[in-house]
>>> print(open('data-v7.txt').read())   # compact mmCIF, C-alpha atoms and all ligand atoms
# COMPACT_ATOMS: atom_id res chain seq x y z
CA MET R 1 -29.40 -36.28 -35.91
CA THR R 2 -27.79 -32.87 -35.26
CA ARG R 3 -29.13 -32.75 -31.70
CA THR R 4 -27.84 -36.24 -30.84
CA ALA R 5 -24.44 -35.45 -32.34
CA TYR R 6 -24.05 -32.18 -30.44
CA ASP R 7 -25.20 -33.84 -27.21
CA ALA R 8 -22.39 -36.38 -27.74
CA VAL R 9 -19.64 -33.86 -28.50
CA ALA R 10 -20.82 -31.02 -26.23
CA HIS R 11 -18.23 -31.39 -23.44
CA SER R 12 -15.32 -31.79 -25.87
CA TYR R 13 -16.60 -28.91 -28.03
CA ALA R 14 -16.87 -26.62 -25.01
CA GLU R 15 -13.30 -27.41 -23.92
CA LEU R 16 -11.81 -27.11 -27.41
CA LEU R 17 -13.55 -23.88 -28.40
CA ARG R 18 -13.67 -22.06 -25.08
CA ASP R 19 -10.79 -19.71 -26.05
CA GLU R 20 -11.13 -19.97 -29.83
CA LEU R 21 -12.14 -16.33 -30.30
CA SER R 22 -8.93 -15.17 -28.66
CA HIS R 23 -7.08 -16.61 -31.71
CA LYS R 24 -9.45 -14.99 -34.24
CA PRO R 25 -9.02 -11.21 -34.20
CA LEU R 26 -11.32 -10.53 -37.17
CA ASP R 27 -14.13 -12.63 -35.66
CA ARG R 28 -13.79 -10.68 -32.41
CA ARG R 29 -13.88 -7.38 -34.28
CA LEU R 30 -17.01 -8.48 -36.15
CA LEU R 31 -18.74 -9.39 -32.89
CA ASP R 32 -17.52 -6.08 -31.39
CA THR R 33 -18.94 -4.19 -34.39
CA PHE R 34 -22.23 -6.07 -34.22
CA ALA R 35 -22.54 -5.24 -30.50
CA ASP R 36 -21.75 -1.58 -31.26
CA MET R 37 -24.32 -1.49 -34.08
CA VAL R 38 -27.01 -2.95 -31.80
CA SER R 39 -26.14 -0.52 -28.99
CA ALA R 40 -25.92 2.45 -31.39
CA TRP R 41 -29.67 2.56 -31.90
CA GLY R 42 -30.47 1.78 -28.27
CA GLY R 43 -30.69 -2.02 -28.48
CA THR R 44 -29.84 -4.17 -25.48
CA ARG R 45 -31.40 -7.61 -26.02
CA VAL R 46 -29.79 -10.22 -28.27
CA LEU R 47 -30.81 -13.76 -29.17
CA ASP R 48 -27.82 -16.12 -29.49
CA ALA R 49 -29.46 -18.61 -31.85
CA GLY R 50 -27.76 -22.01 -31.75
CA CYS R 51 -25.61 -20.87 -28.84
CA GLY R 52 -23.79 -24.15 -28.16
CA PRO R 53 -21.83 -23.83 -24.89
CA GLY R 54 -22.56 -20.12 -24.65
CA ARG R 55 -19.21 -18.56 -25.50
CA VAL R 56 -20.68 -15.97 -27.91
CA SER R 57 -23.40 -15.02 -25.39
CA GLU R 58 -20.68 -14.47 -22.82
CA TYR R 59 -18.66 -12.38 -25.31
CA LEU R 60 -21.64 -10.15 -26.15
CA HIS R 61 -22.61 -9.91 -22.48
CA GLY R 62 -19.13 -8.45 -21.96
CA HIS R 63 -20.23 -5.63 -24.31
CA GLY R 64 -23.18 -4.75 -22.09
CA LEU R 65 -25.84 -6.69 -24.02
CA THR R 66 -28.50 -8.86 -22.40
CA THR R 67 -28.47 -12.24 -24.10
CA VAL R 68 -30.74 -15.24 -24.34
CA GLY R 69 -29.14 -18.32 -25.84
CA ILE R 70 -31.10 -21.17 -27.38
CA ASP R 71 -29.83 -24.48 -28.67
CA VAL R 72 -31.41 -27.73 -29.76
CA SER R 73 -28.84 -29.70 -27.72
CA ALA R 74 -29.84 -30.02 -24.05
CA THR R 75 -26.26 -30.97 -23.14
CA MET R 76 -24.95 -27.77 -24.71
CA ILE R 77 -27.50 -25.80 -22.70
CA ASP R 78 -26.48 -27.60 -19.47
CA ILE R 79 -22.85 -26.63 -20.11
CA ALA R 80 -23.74 -23.02 -20.97
CA ARG R 81 -25.77 -22.70 -17.74
CA ARG R 82 -22.92 -24.26 -15.73
CA ASP R 83 -20.20 -22.04 -17.25
CA TYR R 84 -22.16 -18.77 -17.43
CA PRO R 85 -24.73 -18.98 -14.62
CA ALA R 86 -25.60 -15.28 -14.82
CA LEU R 87 -26.83 -15.63 -18.41
CA GLN R 88 -30.08 -17.07 -19.80
CA PHE R 89 -30.01 -20.26 -21.87
CA ASP R 90 -32.93 -22.42 -23.00
CA VAL R 91 -33.37 -25.52 -25.10
CA GLY R 92 -35.03 -24.47 -28.34
CA SER R 93 -34.90 -24.52 -32.11
CA ILE R 94 -34.04 -21.79 -34.58
CA LEU R 95 -36.88 -23.17 -36.72
CA ASP R 96 -39.46 -22.28 -34.06
CA VAL R 97 -38.05 -19.72 -31.63
CA ASN R 98 -39.82 -19.55 -28.29
CA LEU R 99 -39.70 -15.73 -28.01
CA ALA R 100 -42.37 -13.10 -28.54
CA GLY R 101 -42.38 -11.09 -31.76
CA GLY R 102 -40.19 -7.98 -31.66
CA SER R 103 -38.64 -8.97 -28.33
CA VAL R 104 -34.93 -8.59 -29.23
CA GLU R 105 -32.87 -5.94 -31.00
CA GLY R 106 -30.23 -8.36 -32.22
CA VAL R 107 -29.92 -11.97 -33.34
CA VAL R 108 -26.58 -13.71 -33.76
CA ALA R 109 -26.40 -17.12 -35.42
CA TRP R 110 -22.72 -17.96 -35.10
CA TYR R 111 -22.09 -21.08 -37.22
CA SER R 112 -25.52 -22.42 -36.31
CA ILE R 113 -27.47 -22.17 -39.60
CA ILE R 114 -24.94 -24.58 -41.15
CA HIS R 115 -26.87 -27.70 -40.15
CA THR R 116 -30.23 -26.62 -41.56
CA PRO R 117 -30.98 -27.81 -45.10
CA PRO R 118 -30.77 -24.64 -47.25
CA LYS R 119 -34.37 -24.97 -48.43
CA LEU R 120 -35.47 -24.57 -44.77
CA LEU R 121 -33.40 -21.44 -44.15
CA THR R 122 -36.31 -19.29 -45.24
CA VAL R 123 -38.19 -20.64 -42.17
CA VAL R 124 -35.22 -19.78 -39.94
CA PHE R 125 -34.90 -16.27 -41.41
CA ALA R 126 -38.66 -15.72 -40.99
CA GLU R 127 -38.27 -16.63 -37.30
CA PHE R 128 -35.32 -14.25 -36.90
CA TRP R 129 -37.39 -11.53 -38.61
CA ARG R 130 -40.37 -12.18 -36.31
CA VAL R 131 -38.42 -11.99 -33.02
CA LEU R 132 -36.48 -8.86 -34.05
CA ALA R 133 -37.80 -5.39 -33.29
CA PRO R 134 -38.02 -3.12 -36.35
CA GLY R 135 -34.48 -1.87 -37.09
CA GLY R 136 -32.99 -4.92 -35.34
CA LEU R 137 -29.79 -6.54 -36.59
CA LEU R 138 -28.94 -10.10 -37.58
CA LEU R 139 -25.38 -11.46 -37.68
CA LEU R 140 -24.69 -14.77 -39.45
CA SER R 141 -21.42 -16.66 -39.83
CA PHE R 142 -20.86 -19.78 -41.94
CA GLN R 143 -18.35 -21.66 -44.07
CA VAL R 144 -18.42 -20.84 -47.77
CA GLY R 145 -19.18 -23.45 -50.42
CA ASP R 146 -22.08 -25.14 -52.14
CA GLU R 147 -22.09 -28.69 -50.85
CA ARG R 148 -23.52 -30.88 -48.10
CA VAL R 149 -20.80 -32.62 -46.07
CA ARG R 150 -21.53 -35.69 -43.94
CA ILE R 151 -19.48 -35.44 -40.71
CA GLU R 152 -18.54 -38.81 -39.16
CA HIS R 153 -15.87 -37.70 -36.67
CA ALA R 154 -15.90 -34.45 -34.72
CA TYR R 155 -14.17 -33.17 -31.60
CA GLY R 156 -12.81 -36.67 -30.89
CA HIS R 157 -16.14 -38.50 -31.24
CA ALA R 158 -17.82 -40.71 -33.83
CA VAL R 159 -20.92 -38.82 -34.98
CA ALA R 160 -23.27 -38.55 -37.95
CA TYR R 161 -24.57 -35.17 -39.02
CA ASP R 162 -24.58 -32.87 -42.00
CA VAL R 163 -22.94 -29.49 -42.54
CA TYR R 164 -24.01 -27.29 -45.43
CA ARG R 165 -21.43 -24.97 -46.97
CA LEU R 166 -23.24 -21.85 -48.12
CA SER R 167 -22.92 -19.10 -50.69
CA PRO R 168 -22.81 -15.53 -49.27
CA GLU R 169 -24.66 -14.32 -52.37
CA GLU R 170 -27.45 -16.89 -52.00
CA ILE R 171 -27.75 -16.23 -48.27
CA SER R 172 -27.96 -12.48 -48.95
CA ASP R 173 -30.66 -13.10 -51.58
CA LYS R 174 -32.64 -15.27 -49.15
CA LEU R 175 -32.35 -12.62 -46.44
CA CYS R 176 -33.60 -9.94 -48.85
CA ALA R 177 -36.48 -12.22 -49.92
CA ASN R 178 -37.38 -12.46 -46.21
CA GLY R 179 -37.46 -8.66 -45.93
CA PHE R 180 -33.96 -8.00 -44.52
CA GLN R 181 -31.60 -5.35 -45.84
CA VAL R 182 -28.03 -6.67 -46.02
CA GLU R 183 -25.64 -4.04 -44.61
CA VAL R 184 -22.33 -5.92 -44.27
CA ARG R 185 -20.77 -8.88 -46.04
CA VAL R 186 -17.28 -10.05 -45.08
CA LEU R 187 -15.32 -12.94 -46.56
CA ARG R 188 -12.06 -14.08 -45.05
CA ALA R 189 -9.53 -16.77 -45.97
CA PRO R 190 -9.31 -19.93 -43.85
CA THR R 191 -7.06 -19.69 -40.81
CA GLY R 192 -5.65 -22.37 -38.47
CA SER R 193 -7.41 -25.70 -39.04
CA GLU R 194 -10.19 -24.18 -41.17
CA LEU R 195 -10.49 -25.54 -44.71
CA GLN R 196 -13.03 -23.16 -46.26
CA PRO R 197 -13.31 -19.39 -46.56
CA GLN R 198 -15.55 -17.99 -43.82
CA ALA R 199 -18.44 -15.60 -44.41
CA TYR R 200 -20.12 -13.07 -42.13
CA VAL R 201 -23.32 -11.21 -42.99
CA VAL R 202 -25.05 -8.43 -41.06
CA ALA R 203 -28.63 -7.64 -42.11
CA ARG R 204 -31.22 -5.26 -40.69
CA LYS R 205 -34.97 -5.72 -40.26
C1 LIG R 301 -20.98 -25.26 -34.74
S1 LIG R 301 -21.99 -25.18 -33.32
C2 LIG R 301 -21.90 -23.44 -32.94
C3 LIG R 301 -22.27 -23.17 -31.51
C4 LIG R 301 -22.05 -21.73 -31.04
N1 LIG R 301 -22.78 -20.78 -31.84
C5 LIG R 301 -20.58 -21.41 -31.03
O1 LIG R 301 -20.12 -20.65 -31.90
O2 LIG R 301 -19.87 -21.99 -30.21
C6 LIG R 301 -23.62 -25.33 -33.97
C7 LIG R 301 -24.69 -25.30 -32.90
O3 LIG R 301 -25.96 -25.13 -33.54
C8 LIG R 301 -26.89 -25.93 -32.85
N2 LIG R 301 -28.03 -26.17 -33.73
C9 LIG R 301 -28.05 -26.84 -34.91
N3 LIG R 301 -29.27 -26.85 -35.44
C10 LIG R 301 -30.07 -26.15 -34.58
C11 LIG R 301 -31.46 -25.79 -34.56
N4 LIG R 301 -32.28 -26.17 -35.53
N5 LIG R 301 -31.91 -25.07 -33.53
C12 LIG R 301 -31.09 -24.69 -32.51
N6 LIG R 301 -29.77 -25.00 -32.47
C13 LIG R 301 -29.26 -25.72 -33.49
C14 LIG R 301 -26.11 -27.19 -32.48
O4 LIG R 301 -26.73 -27.94 -31.45
C15 LIG R 301 -24.77 -26.58 -32.08
O5 LIG R 301 -24.72 -26.28 -30.71
>>> encode(input="data-v7.txt", output="structure tokens")
Amino acid sequence: MTRTAYDAVAHSYAELLRDELSHKPLDRRLLDTFADMVSAWGGTRVLDAGCGPGRVSEYLHGHGLTTVGIDVSATMIDIARRDYPALQFDVGSILDVNLAGGSVEGVVAWYSIIHTPPKLLTVVFAEFWRVLAPGGLLLLSFQVGDERVRIEHAYGHAVAYDVYRLSPEEISDKLCANGFQVEVRVLRAPTGSELQPQAYVVARK
């Protein structure tokens, strides 16, 4: 369901969000800080988990990091490869990441855990834990809330997929239960067309 929907909206999504970060100074600073935190202990390799059209990979690449982006939507991956041919992108799932254990020093999941039913997030976090080297950092972003929302129109297309609004406290608890240490939690008010507060969590393996 999610894959089909993102295949359908991929081109519109890529166009609409290509420059989105330039209007979101706090989001940029959080990505800057995450890149600095990864680099500070000698990390260079980052998994962009649920990378969509690759804009976050490209942003982190601009900070000197080596990225690999994965996404369940093959159309998103085609667009990412077209737009950022120097970067690595592969079709893949955050529920079963096709990377060796300990092979990256950072994982960013930028609004990509929001489609996974919350009871399955422990599987996702176990995968992020597995692929991270000891001391590696995870950055999550998501919309705050406690409901499942059925999306029927997105980016100018009729679609059918679910988005889960999430609690920063519950996500932090789940991360800790999966062995992570939560180092940063940021909550900001909605801006622009956003309707919910937005949350950002940085946790360390
Ligand atoms: C809101 S978009 C965010 C994309 C990108 N991180 C960005 O900020 O532009 C959510 C992305 O997560 C991907 N996604 C959803 N569930 C996934 C899963 N289980 N494994 C991999 N990607 C997934 C979707 O295909 C979509 O590209």
>>> atom_distance(input="data-v7.txt", atom1="atom CA of Tyr59 of chain R", atom2="atom CA of Gln196 of chain R")
24.2 Å
>>> residues_near_ligand(input="data-v7.txt", ligand="ligand LIG 301 (chain R)", cutoff="8 Å", atoms="all atoms listed in the file", output="count of residues only")
36
>>> residues_around(input="data-v7.txt", residues="Glu58 of chain R", least_positions_apart="6", cutoff="9 Å", atoms="only C-alpha atoms", output="PDB file with C-alpha atoms, keeping the file's coordinate frame")
ATOM      1  CA  THR R  67     -28.470 -12.240 -24.100  1.00  0.00           C
ATOM      2  CA  TYR R  84     -22.160 -18.770 -17.430  1.00  0.00           C
ATOM      3  CA  LEU R  87     -26.830 -15.630 -18.410  1.00  0.00           C
TER       4      LEU R  87
END
>>> atom_distance(input="data-v7.txt", atom1="atom CA of His63 of chain R", atom2="atom CA of Arg45 of chain R")
11.5 Å
>>> residues_around(input="data-v7.txt", residues="segment 178-181 of chain R", least_positions_apart="2", cutoff="12 Å", atoms="all atoms listed in the file", output="number ranges by chain")
R: 121-130, 132, 134-139, 171-176, 183-185, 201-205
>>> closest_residue(input="data-v7.txt", among="R:His11, R:Gln143, R:Ala158, R:Val163", to="Ile77 of chain R", atoms="all atoms listed in the file")
R:His11
>>> closest_residue(input="data-v7.txt", among="R:Ser39, R:Ser22, R:Asn98, R:Thr44", to="Gly69 of chain R", atoms="all atoms listed in the file")
R:Asn98
>>> atom_distance(input="data-v7.txt", atom1="atom CA of Gly106 of chain R", atom2="atom CA of Glu15 of chain R")
26.8 Å
>>> build_atoms(input="data-v7.txt", residues="segment 20-47 of chain R", atoms="N, CA and C atoms", output="tab-separated table (two decimals), in the coordinates of the input")
chain	number	residue	atom	x	y	z
R	20	GLU	N	-11.37	-20.06	-28.39
R	20	GLU	CA	-11.13	-19.97	-29.83
R	20	GLU	C	-11.13	-18.52	-30.33
R	21	LEU	N	-12.05	-17.71	-29.81
R	21	LEU	CA	-12.14	-16.33	-30.30
R	21	LEU	C	-10.87	-15.54	-30.02
R	22	SER	N	-10.14	-15.93	-28.97
R	22	SER	CA	-8.93	-15.17	-28.66
R	22	SER	C	-7.87	-15.35	-29.75
R	23	HIS	N	-8.03	-16.40	-30.60
R	23	HIS	CA	-7.08	-16.61	-31.71
R	23	HIS	C	-7.63	-16.07	-33.03
R	24	LYS	N	-8.80	-15.43	-33.00
R	24	LYS	CA	-9.45	-14.99	-34.24
R	24	LYS	C	-9.82	-13.51	-34.15
R	25	PRO	N	-8.80	-12.65	-34.40
R	25	PRO	CA	-9.02	-11.21	-34.20
R	25	PRO	C	-10.14	-10.65	-35.07
R	26	LEU	N	-10.27	-11.10	-36.32
R	26	LEU	CA	-11.32	-10.53	-37.17
R	26	LEU	C	-12.70	-10.92	-36.64
R	27	ASP	N	-12.84	-12.19	-36.20
R	27	ASP	CA	-14.13	-12.63	-35.66
R	27	ASP	C	-14.51	-11.79	-34.45
R	28	ARG	N	-13.51	-11.52	-33.60
R	28	ARG	CA	-13.79	-10.68	-32.41
R	28	ARG	C	-14.23	-9.29	-32.83
R	29	ARG	N	-13.53	-8.74	-33.84
R	29	ARG	CA	-13.88	-7.38	-34.28
R	29	ARG	C	-15.29	-7.36	-34.87
R	30	LEU	N	-15.66	-8.43	-35.57
R	30	LEU	CA	-17.01	-8.48	-36.15
R	30	LEU	C	-18.07	-8.55	-35.05
R	31	LEU	N	-17.79	-9.34	-34.01
R	31	LEU	CA	-18.74	-9.39	-32.89
R	31	LEU	C	-18.76	-8.04	-32.16
R	32	ASP	N	-17.58	-7.42	-32.02
R	32	ASP	CA	-17.52	-6.08	-31.39
R	32	ASP	C	-18.39	-5.09	-32.18
R	33	THR	N	-18.21	-5.14	-33.52
R	33	THR	CA	-18.94	-4.19	-34.39
R	33	THR	C	-20.43	-4.44	-34.32
R	34	PHE	N	-20.82	-5.73	-34.33
R	34	PHE	CA	-22.23	-6.07	-34.22
R	34	PHE	C	-22.80	-5.53	-32.90
R	35	ALA	N	-22.07	-5.74	-31.80
R	35	ALA	CA	-22.54	-5.24	-30.50
R	35	ALA	C	-22.67	-3.72	-30.53
R	36	ASP	N	-21.69	-3.05	-31.15
R	36	ASP	CA	-21.75	-1.58	-31.26
R	36	ASP	C	-22.94	-1.14	-32.10
R	37	MET	N	-23.20	-1.86	-33.20
R	37	MET	CA	-24.32	-1.49	-34.08
R	37	MET	C	-25.65	-1.66	-33.36
R	38	VAL	N	-25.77	-2.74	-32.57
R	38	VAL	CA	-27.01	-2.95	-31.80
R	38	VAL	C	-27.17	-1.83	-30.77
R	39	SER	N	-26.07	-1.54	-30.04
R	39	SER	CA	-26.14	-0.52	-28.99
R	39	SER	C	-26.39	0.87	-29.57
R	40	ALA	N	-25.86	1.11	-30.79
R	40	ALA	CA	-25.92	2.45	-31.39
R	40	ALA	C	-27.34	2.95	-31.56
R	41	TRP	N	-28.29	2.06	-31.78
R	41	TRP	CA	-29.67	2.56	-31.90
R	41	TRP	C	-30.50	2.21	-30.66
R	42	GLY	N	-29.79	1.94	-29.55
R	42	GLY	CA	-30.47	1.78	-28.27
R	42	GLY	C	-30.84	0.35	-27.93
R	43	GLY	N	-30.37	-0.62	-28.74
R	43	GLY	CA	-30.69	-2.02	-28.48
R	43	GLY	C	-29.90	-2.59	-27.33
R	44	THR	N	-30.53	-3.53	-26.60
R	44	THR	CA	-29.84	-4.17	-25.48
R	44	THR	C	-30.00	-5.69	-25.49
R	45	ARG	N	-31.07	-6.17	-26.15
R	45	ARG	CA	-31.40	-7.61	-26.02
R	45	ARG	C	-31.03	-8.36	-27.30
R	46	VAL	N	-30.27	-9.46	-27.11
R	46	VAL	CA	-29.79	-10.22	-28.27
R	46	VAL	C	-30.09	-11.70	-28.08
R	47	LEU	N	-30.63	-12.30	-29.13
R	47	LEU	CA	-30.81	-13.76	-29.17
R	47	LEU	C	-29.56	-14.39	-29.75
